[in-house]
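my_file.cif (mmCIF, C-alpha atoms)
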data_run
#
loop_
_atom_site.group_PDB
_atom_site.id
_atom_site.type_symbol
_atom_site.label_atom_id
_atom_site.label_comp_id
_atom_site.auth_asym_id
_atom_site.auth_seq_id
_atom_site.Cartn_x
_atom_site.Cartn_y
_atom_site.Cartn_z
ATOM 1 C CA MET A 225 70.852 -58.301 -64.287
ATOM 2 C CA ALA A 226 67.529 -58.166 -62.462
ATOM 3 C CA ASP A 227 65.643 -54.897 -62.156
ATOM 4 C CA ALA A 228 65.671 -53.118 -58.798
ATOM 5 C CA LEU A 229 62.680 -53.790 -56.567
ATOM 6 C CA ARG A 230 60.273 -50.873 -56.463
ATOM 7 C CA PHE A 231 57.157 -50.231 -54.422
ATOM 8 C CA LYS A 232 54.743 -47.299 -54.398
ATOM 9 C CA ILE A 233 52.119 -46.574 -51.758
ATOM 10 C CA GLU A 234 48.840 -46.140 -53.587
ATOM 11 C CA ASN A 235 46.323 -47.471 -51.072
ATOM 12 C CA GLY A 236 47.869 -46.965 -47.638
ATOM 13 C CA VAL A 237 46.051 -46.701 -44.329
ATOM 14 C CA ILE A 238 46.943 -45.788 -40.763
ATOM 15 C CA ALA A 239 44.783 -46.557 -37.734
ATOM 16 C CA PHE A 240 44.954 -46.050 -33.974
ATOM 17 C CA THR A 241 42.983 -47.155 -30.937
ATOM 18 C CA PRO A 242 43.717 -46.568 -27.238
ATOM 19 C CA VAL A 243 45.263 -49.453 -25.308
ATOM 20 C CA ASP A 244 42.864 -50.783 -22.657
ATOM 21 C CA PRO A 245 44.795 -52.694 -19.960
ATOM 22 C CA ALA A 246 41.425 -53.689 -18.431
ATOM 23 C CA ALA A 247 40.441 -55.638 -21.551
ATOM 24 C CA VAL A 248 39.741 -59.324 -20.936
ATOM 25 C CA GLY A 249 42.954 -61.321 -21.180
ATOM 26 C CA TYR A 250 45.113 -58.269 -21.832
ATOM 27 C CA LEU A 251 48.860 -58.861 -21.968
ATOM 28 C CA ASP A 252 51.669 -56.329 -22.320
ATOM 29 C CA THR A 253 52.875 -58.349 -25.309
ATOM 30 C CA TRP A 254 49.718 -57.572 -27.317
ATOM 31 C CA GLN A 255 50.536 -55.647 -30.498
ATOM 32 C CA THR A 256 46.910 -55.228 -31.586
ATOM 33 C CA PRO A 257 43.516 -54.862 -29.879
ATOM 34 C CA GLY A 258 42.619 -58.336 -28.622
ATOM 35 C CA GLY A 259 46.114 -59.635 -29.306
ATOM 36 C CA ALA A 260 45.443 -60.733 -32.897
ATOM 37 C CA ALA A 261 48.412 -61.345 -35.180
ATOM 38 C CA ILE A 262 49.361 -58.844 -37.871
ATOM 39 C CA ASP A 263 48.240 -61.177 -40.677
ATOM 40 C CA THR A 264 44.813 -61.824 -39.146
ATOM 41 C CA VAL A 265 43.823 -58.504 -37.532
ATOM 42 C CA THR A 266 41.365 -56.266 -39.390
ATOM 43 C CA LEU A 267 40.761 -52.538 -39.209
ATOM 44 C CA ALA A 268 37.464 -53.216 -37.449
ATOM 45 C CA ALA A 269 39.517 -53.863 -34.290
ATOM 46 C CA TYR A 270 40.759 -50.271 -34.276
ATOM 47 C CA THR A 271 37.978 -48.394 -32.469
ATOM 48 C CA ASP A 272 35.794 -47.634 -35.501
ATOM 49 C CA ALA A 273 35.955 -46.110 -38.963
ATOM 50 C CA ASP A 274 36.629 -42.697 -37.401
ATOM 51 C CA ALA A 275 40.073 -43.862 -36.216
ATOM 52 C CA GLN A 276 41.340 -44.949 -39.631
ATOM 53 C CA TRP A 277 42.839 -42.564 -42.162
ATOM 54 C CA SER A 278 44.040 -42.867 -45.724
ATOM 55 C CA CYS A 279 43.147 -39.940 -47.960
ATOM 56 C CA GLN A 280 44.407 -37.312 -45.465
ATOM 57 C CA VAL A 281 47.806 -38.967 -45.004
ATOM 58 C CA GLN A 282 50.727 -37.792 -47.128
ATOM 59 C CA THR A 283 53.613 -39.663 -45.494
ATOM 60 C CA ALA A 284 54.058 -42.092 -42.613
ATOM 61 C CA THR A 285 57.241 -43.814 -41.493
ATOM 62 C CA ILE A 286 58.566 -45.744 -38.527
ATOM 63 C CA ASP A 287 62.048 -44.360 -38.013
ATOM 64 C CA ALA A 288 64.863 -45.919 -36.018
ATOM 65 C CA SER A 289 67.176 -43.971 -33.721
ATOM 66 C CA ALA A 290 70.519 -45.467 -32.812
ATOM 67 C CA ASN A 291 71.279 -45.979 -29.124
ATOM 68 C CA ASN A 292 75.011 -45.433 -29.089
ATOM 69 C CA ASN A 293 76.888 -46.165 -25.869
ATOM 70 C CA ASP A 294 80.430 -46.232 -27.152
ATOM 71 C CA GLU A 295 83.171 -46.935 -24.630
ATOM 72 C CA THR A 296 86.295 -44.800 -24.824
ATOM 73 C CA VAL A 297 89.589 -46.366 -23.778
ATOM 74 C CA ASP A 298 92.167 -43.722 -22.966
ATOM 75 C CA ALA A 299 95.604 -43.792 -24.461
ATOM 76 C CA THR A 300 98.468 -45.283 -22.495
ATOM 77 C CA TRP A 301 102.217 -45.107 -22.881
ATOM 78 C CA CYS A 302 102.122 -48.140 -25.156
ATOM 79 C CA SER A 303 98.848 -47.869 -27.085
ATOM 80 C CA PRO A 304 96.652 -45.172 -28.604
ATOM 81 C CA ALA A 305 93.174 -44.285 -27.424
ATOM 82 C CA LYS A 306 90.317 -46.192 -28.994
ATOM 83 C CA THR A 307 86.528 -46.320 -29.051
ATOM 84 C CA ILE A 308 84.700 -49.613 -28.577
ATOM 85 C CA PRO A 309 81.185 -49.720 -30.092
ATOM 86 C CA ASN A 310 78.625 -50.858 -27.541
ATOM 87 C CA PRO A 311 75.229 -50.083 -29.102
ATOM 88 C CA GLY A 312 71.996 -50.491 -27.203
ATOM 89 C CA GLU A 313 68.671 -51.496 -28.741
ATOM 90 C CA SER A 314 67.368 -48.979 -31.266
ATOM 91 C CA SER A 315 64.361 -46.867 -30.403
ATOM 92 C CA TRP A 316 61.580 -46.211 -32.904
ATOM 93 C CA ALA A 317 59.082 -43.451 -33.605
ATOM 94 C CA ILE A 318 56.242 -42.869 -36.067
ATOM 95 C CA ASN A 319 56.660 -39.736 -38.167
ATOM 96 C CA GLY A 320 54.645 -38.306 -41.008
ATOM 97 C CA THR A 321 52.614 -35.507 -42.500
ATOM 98 C CA TYR A 322 48.928 -35.176 -43.258
ATOM 99 C CA LEU A 323 46.470 -32.674 -44.670
ATOM 100 C CA GLN A 324 45.237 -30.849 -41.596
ATOM 101 C CA ASP A 325 41.638 -31.931 -41.086
ATOM 102 C CA VAL A 326 40.429 -29.521 -38.405
ATOM 103 C CA ILE A 327 37.179 -29.123 -40.371
ATOM 104 C CA ASP A 328 36.437 -32.841 -39.846
ATOM 105 C CA GLU A 329 34.704 -33.662 -36.578
ATOM 106 C CA ASP A 330 36.245 -37.154 -36.649
ATOM 107 C CA GLY A 331 39.596 -36.203 -38.142
ATOM 108 C CA LEU A 332 43.117 -37.319 -37.363
ATOM 109 C CA TRP A 333 43.914 -33.962 -35.741
ATOM 110 C CA GLN A 334 41.064 -34.405 -33.279
ATOM 111 C CA PHE A 335 42.095 -37.976 -32.416
ATOM 112 C CA LEU A 336 45.683 -36.936 -31.705
ATOM 113 C CA TYR A 337 44.492 -34.010 -29.581
ATOM 114 C CA LEU A 338 41.971 -36.000 -27.540
ATOM 115 C CA HIS A 339 44.394 -38.857 -26.882
ATOM 116 C CA ASP A 340 47.529 -36.794 -26.298
ATOM 117 C CA THR A 341 50.164 -38.835 -24.344
ATOM 118 C CA GLU A 342 47.960 -41.961 -24.296
ATOM 119 C CA GLU A 343 49.368 -45.323 -25.350
ATOM 120 C CA CYS A 344 47.595 -46.543 -28.477
ATOM 121 C CA PHE A 345 47.782 -49.537 -30.779
ATOM 122 C CA PHE A 346 48.755 -48.539 -34.306
ATOM 123 C CA TYR A 347 48.341 -50.145 -37.713
ATOM 124 C CA ILE A 348 50.260 -48.913 -40.750
ATOM 125 C CA GLY A 349 49.349 -50.706 -43.964
ATOM 126 C CA LEU A 350 51.265 -49.674 -47.059
ATOM 127 C CA ALA A 351 48.853 -51.633 -49.295
ATOM 128 C CA GLY A 352 45.631 -51.201 -47.344
ATOM 129 C CA GLU A 353 43.941 -53.532 -44.878
ATOM 130 C CA SER A 354 45.019 -57.124 -44.155
ATOM 131 C CA SER A 355 47.919 -57.138 -46.557
ATOM 132 C CA ALA A 356 51.674 -57.052 -46.573
ATOM 133 C CA PRO A 357 53.638 -54.834 -46.260
ATOM 134 C CA SER A 358 52.341 -53.540 -42.924
ATOM 135 C CA ALA A 359 53.355 -52.896 -39.324
ATOM 136 C CA ILE A 360 51.587 -53.046 -35.962
ATOM 137 C CA GLY A 361 52.502 -52.177 -32.397
ATOM 138 C CA LYS A 362 52.000 -49.659 -29.606
ATOM 139 C CA CYS A 363 53.001 -46.011 -29.443
ATOM 140 C CA ARG A 364 52.429 -42.868 -27.431
ATOM 141 C CA VAL A 365 50.112 -40.453 -29.246
ATOM 142 C CA LEU A 366 50.961 -36.741 -29.278
ATOM 143 C CA GLY A 367 49.024 -33.764 -30.583
ATOM 144 C CA SER A 368 49.950 -31.897 -33.773
ATOM 145 C CA THR A 369 49.898 -28.430 -35.337
ATOM 146 C CA PHE A 370 46.678 -26.395 -35.474
ATOM 147 C CA GLY A 371 46.408 -23.694 -38.129
ATOM 148 C CA GLY A 372 48.910 -22.330 -40.613
ATOM 149 C CA ALA A 373 49.528 -19.861 -43.424
ATOM 150 C CA ALA A 374 46.777 -17.983 -45.267
ATOM 151 C CA ARG A 375 45.275 -19.278 -48.515
ATOM 152 C CA THR A 376 47.202 -22.552 -48.595
ATOM 153 C CA ALA A 377 46.196 -26.126 -47.968
ATOM 154 C CA LEU A 378 47.026 -26.663 -44.302
ATOM 155 C CA THR A 379 49.231 -29.565 -43.287
ATOM 156 C CA SER A 380 50.286 -30.965 -39.938
ATOM 157 C CA THR A 381 53.172 -33.072 -38.743
ATOM 158 C CA LEU A 382 52.438 -36.514 -37.367
ATOM 159 C CA GLY A 383 54.788 -37.323 -34.529
ATOM 160 C CA PRO A 384 57.298 -38.211 -33.577
ATOM 161 C CA LEU A 385 55.100 -40.757 -31.763
ATOM 162 C CA PRO A 386 57.427 -42.916 -29.627
ATOM 163 C CA VAL A 387 56.931 -46.646 -30.242
ATOM 164 C CA SER A 388 56.592 -48.442 -26.899
ATOM 165 C CA GLN A 389 58.240 -51.744 -27.849
ATOM 166 C CA ARG A 390 59.596 -53.585 -30.870
ATOM 167 C CA PHE A 391 56.803 -53.705 -33.436
ATOM 168 C CA ASP A 392 55.673 -56.556 -35.705
ATOM 169 C CA ALA A 393 56.117 -56.317 -39.470
ATOM 170 C CA TRP A 394 54.493 -58.229 -42.327
ATOM 171 C CA ILE A 395 56.889 -58.228 -45.269
ATOM 172 C CA GLY A 396 56.051 -59.296 -48.801
ATOM 173 C CA GLN A 397 54.248 -58.416 -52.000
ATOM 174 C CA PRO A 398 50.682 -57.114 -51.481
ATOM 175 C CA GLY A 399 48.173 -59.962 -51.590
ATOM 176 C CA THR A 400 50.722 -62.692 -50.781
ATOM 177 C CA ALA A 401 51.333 -64.654 -47.587
ATOM 178 C CA GLY A 402 54.750 -63.066 -47.172
ATOM 179 C CA VAL A 403 56.745 -63.328 -43.947
ATOM 180 C CA VAL A 404 55.726 -62.091 -40.504
ATOM 181 C CA ILE A 405 58.474 -60.759 -38.243
ATOM 182 C CA GLU A 406 57.430 -60.825 -34.583
ATOM 183 C CA GLY A 407 59.363 -58.023 -32.971
ATOM 184 C CA LEU A 408 59.254 -59.027 -29.310
ATOM 185 C CA SER A 409 60.566 -62.524 -29.957
ATOM 186 C CA ASN A 410 62.716 -61.446 -32.919
ATOM 187 C CA THR A 411 61.487 -64.430 -34.937
ATOM 188 C CA SER A 412 59.917 -64.819 -38.363
ATOM 189 C CA ARG A 413 57.264 -67.177 -39.752
ATOM 190 C CA PRO A 414 55.241 -67.584 -42.935
ATOM 191 C CA GLY A 415 52.237 -65.302 -43.101
ATOM 192 C CA VAL A 416 48.639 -66.481 -43.314
ATOM 193 C CA PRO A 417 47.542 -66.675 -46.971
ATOM 194 C CA THR A 418 44.994 -64.081 -47.962
ATOM 195 C CA ALA A 419 41.719 -64.769 -49.739
ATOM 196 C CA ALA A 420 43.422 -63.808 -53.020
ATOM 197 C CA ASP A 421 46.156 -66.380 -52.359
ATOM 198 C CA ALA A 422 43.583 -69.084 -51.701
ATOM 199 C CA ALA A 423 41.742 -68.271 -54.928
ATOM 200 C CA THR A 424 44.970 -68.448 -56.931
ATOM 201 C CA ALA A 425 45.905 -71.768 -55.325
ATOM 202 C CA ALA A 426 42.428 -73.213 -56.044
ATOM 203 C CA THR A 427 42.634 -72.172 -59.699
ATOM 204 C CA ALA A 428 46.077 -73.726 -60.061
ATOM 205 C CA SER A 429 44.919 -76.947 -58.383
ATOM 206 C CA SER A 430 41.849 -77.332 -60.605
ATOM 207 C CA SER A 431 43.927 -76.769 -63.720
ATOM 208 C CA GLY A 432 46.402 -79.454 -62.725
ATOM 209 C CA TYR A 433 49.359 -77.076 -62.698
ATOM 210 C CA GLY A 434 51.427 -75.612 -59.895
ATOM 211 C CA THR A 435 50.984 -71.947 -58.999
ATOM 212 C CA ASP A 436 54.026 -70.740 -60.977
ATOM 213 C CA GLU A 437 53.013 -72.812 -64.006
ATOM 214 C CA ALA A 438 49.462 -71.517 -63.877
ATOM 215 C CA ALA A 439 50.712 -67.960 -63.633
ATOM 216 C CA ALA A 440 52.902 -68.556 -66.680
#

What is this structure when it is put down as structure tokens?
Amino acid sequence: MADALRFKIENGVIAFTPVDPAAVGYLDTWQTPGGAAIDTVTLAAYTDADAQWSCQVQTATIDASANNNDETVDATWCSPAKTIPNPGESSWAINGTYLQDVIDEDGLWQFLYLHDTEECFFYIGLAGESSAPSAIGKCRVLGSTFGGAARTALTSTLGPLPVSQRFDAWIGQPGTAGVVIEGLSNTSRPGVPTAADAATAATASSSGYGTDEAAA
């Protein structure tokens, strides 16, 4: 029997940048600044280095909420009452916790406060920049807790930040091409190979073996 799949976040990153509808060529379907795909966008597109956080973040999730619209059919003289499931599309929100960085002039707390209620592009990379697994999309930014208890490391809650539309996800092992799921079209495609993938393929080709054989 195969071992269960396990994954640990050891080099995650989250980034935000305000959506600019006046940007050249802007479309509502953009999931990143400039409309780049999840497997080609880089963190440089997200405002600047001051809008990217890793070491402050403790947890970050995109959580689904069911949209239940069940229909109830009343009982009659010949049949019992029943409920007919009629679910709507799920809604999503970003939630998390982070070490409160109110002593940092370019911290996450300040960004959330300054951009409260604004629509922003987000990037959540569970293995860092330009790698699966990751997610991109748009959300509404909301401020978070200021202050806390005495003589303890202060933390703040991130979110819930409502996600504006179905987000894109890049699924796969870190450093591999993986599979890109495009949320708005609900389709999937192979991801773009990373530089590490290309190097592995070149090594395998020069050795005369296939990738799996070379790895063996």

So that each row is one residue of stretch 313-348 of chain A with an atom at most 7 Å from stretch 285-302 of chain A, can you give its shortest atom pair and the distance in Å to one decimal, using all atoms listed in the file, rows by chain and rising number, as JSON lines?
{"residue": "A:Glu313", "atom": "CA", "partner": "A:Asn291", "partner_atom": "CA", "distance": 6.1}
{"residue": "A:Ser314", "atom": "CA", "partner": "A:Ala290", "partner_atom": "CA", "distance": 5.0}
{"residue": "A:Ser315", "atom": "CA", "partner": "A:Ser289", "partner_atom": "CA", "distance": 5.2}
{"residue": "A:Trp316", "atom": "CA", "partner": "A:Ala288", "partner_atom": "CA", "distance": 4.5}
{"residue": "A:Ala317", "atom": "CA", "partner": "A:Asp287", "partner_atom": "CA", "distance": 5.4}
{"residue": "A:Ile318", "atom": "CA", "partner": "A:Ile286", "partner_atom": "CA", "distance": 4.4}
{"residue": "A:Asn319", "atom": "CA", "partner": "A:Thr285", "partner_atom": "CA", "distance": 5.3}
{"residue": "A:Gly320", "atom": "CA", "partner": "A:Thr285", "partner_atom": "CA", "distance": 6.1}

(request) Work out how far atom CA of A:Asn410 is from atom CA of A:Thr266, in Å to one decimal. (result) 22.9 Å

(request) Using the chain letters and numbers from the file, give me the residues hit by the PyMOL selection byres ((chain A and resi 408) around 8), as number ranges by chain. (result) A: 253, 389-392, 406-407, 409-410

(request) To one decimal in Å, tell me the separation between atom CA of A:Ile360 and atom CA of A:Phe345. (result)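 A separation of 7.3 Å between them.
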
(request) Name all residues at most 12 Å from A:Ser380 (count only C-alpha atoms; drop same-chain ones fewer than 4 positions away) and give them as a list in words. (result) Gln280, Val281, Gln282, Thr283, Asn319, Gly320, Thr321, Tyr322, Leu323, Gln324, Asp325, Val326, Leu332, Trp333, Gln334, Leu336, Gly367, Ser368, Thr369, Phe370, Gly371, Gly372, Ala373 and Pro384 of chain A

(request) Enter the distance from atom CA of A:Pro257 to atom CA of A:Ala269, in Å, rounded to one decimal. (result) 6.0 Å

(message) For this structure, which residues satisfy the selection - the PyMOL selection byres ((chain A and resi 365) around 6) - when it is evaluated on the file as given? I want them as a PyMOL selection string.
(response) chain A and resi 340-342+364+366+385

Write the residues of the selection above to a file with C-alpha atoms, as an mmCIF file, keeping the file's coordinate frame.
data_model
loop_
_atom_site.group_PDB
_atom_site.id
_atom_site.type_symbol
_atom_site.label_atom_id
_atom_site.label_comp_id
_atom_site.auth_asym_id
_atom_site.auth_seq_id
_atom_site.Cartn_x
_atom_site.Cartn_y
_atom_site.Cartn_z
ATOM 1 C CA ASP A 340 47.529 -36.794 -26.298
ATOM 2 C CA THR A 341 50.164 -38.835 -24.344
ATOM 3 C CA GLU A 342 47.960 -41.961 -24.296
ATOM 4 C CA ARG A 364 52.429 -42.868 -27.431
ATOM 5 C CA LEU A 366 50.961 -36.741 -29.278
ATOM 6 C CA LEU A 385 55.100 -40.757 -31.763
#
